[in-house]
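Take a look at the structure below.
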Amino acid sequence: MVGKVLMIVGPEFEDIEVLYPYYRLVEEGFDVVIAAPSEGRVEGKHGYVVSAVALSKVNPEEYVALVIPGGRGPERVRASAREEAVRIVKYFADSGKPIAAICHGPQLLISAGVTRGLRLTSYVGIADDVRASGGEWVDQPVVVDKNVVTARIPPDIPYWMREFIKLLTKE
């Protein structure tokens, strides 16, 4: 095992934005742990169900990286477990450990106050939120700024994961 990667999901996550990175990271030798507002089963927008540990029980120091899929999940996390999610996201941002966020995932970066001066992308529907939080929003498939890799939508996933894997495996 190369290390543990944390993935934060909420109800109605975008299924493929969880499944693709999960299996891609496992393929690279990482142990992927899914966390959500509460322990147990979490269902995606299209019916896929994952098992999760509670965000309140997560010690971010045990992980080498963070993945934040989109869909409605990030908003659900902000509504029901904001404090726990912010604690975790701030840890990764402050420590410089790799963070991957796609679609609505940057909403958790915004809530954690870590987007100021950051160049990133997301689903176009939250572009104004990114800008209002001090981030520079760009419309391209993948953006890498320091330790943060962002993407817009599911068709961008291969490019997003390619860049994230580069960060994770950099010697």
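Identifiers in the structure tokens: chain A, B, ... in order shown; residue index from 1 per chain; ligand index from 1 in order shown.
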Report task. Give me the residues within 6 Å of range 36-52 of chain A as JSON, numbers by chain, counting only C-alpha atoms and dropping any in the same chain fewer than 4 places off. Result -> {"A": [8, 9, 10, 11, 12, 13, 14, 15, 81]}
Let me see the file: selected residues, C-alpha atoms, as a PDB file, in the first residue's frame.
ATOM      1  CA  ILE A   8     -15.400  13.128   1.197  1.00  0.00           C
ATOM      2  CA  VAL A   9     -18.905  12.397  -0.099  1.00  0.00           C
ATOM      3  CA  GLY A  10     -22.419  13.448   0.761  1.00  0.00           C
ATOM      4  CA  PRO A  11     -25.831  12.156  -0.279  1.00  0.00           C
ATOM      5  CA  GLU A  12     -26.526  12.531  -4.008  1.00  0.00           C
ATOM      6  CA  PHE A  13     -22.844  12.572  -4.953  1.00  0.00           C
ATOM      7  CA  GLU A  14     -22.098  12.254  -8.676  1.00  0.00           C
ATOM      8  CA  ASP A  15     -21.578   8.493  -8.916  1.00  0.00           C
ATOM      9  CA  ALA A  81     -21.205  18.498   8.654  1.00  0.00           C
TER      10      ALA A  81
END
Query - Backbone DSSP call of alpha helix (DSSP H) for range 11-103 of chain A, listed as a ChimeraX atom specification - result: /A:15-27,73-95
**Report entry** Separation of CA of Gly134 in chain A from CA of Pro155 in chain A, in Å and rounded to one decimal
**Finding:** 26.4 Å
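Picture a line from CA of Leu168 in chain A to CA of Ala65 in chain A; it runs 7.6 Å.
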Query raised in the report: If we count only C-alpha atoms, what is near Val18 in chain A at a cut-off of 9 Å, once residues fewer than 6 positions away on the same chain are taken out, given as a list in words?
Result: Met7, Val9, Gly44, Val67, Ile68, Pro69 and Gly70 of chain A
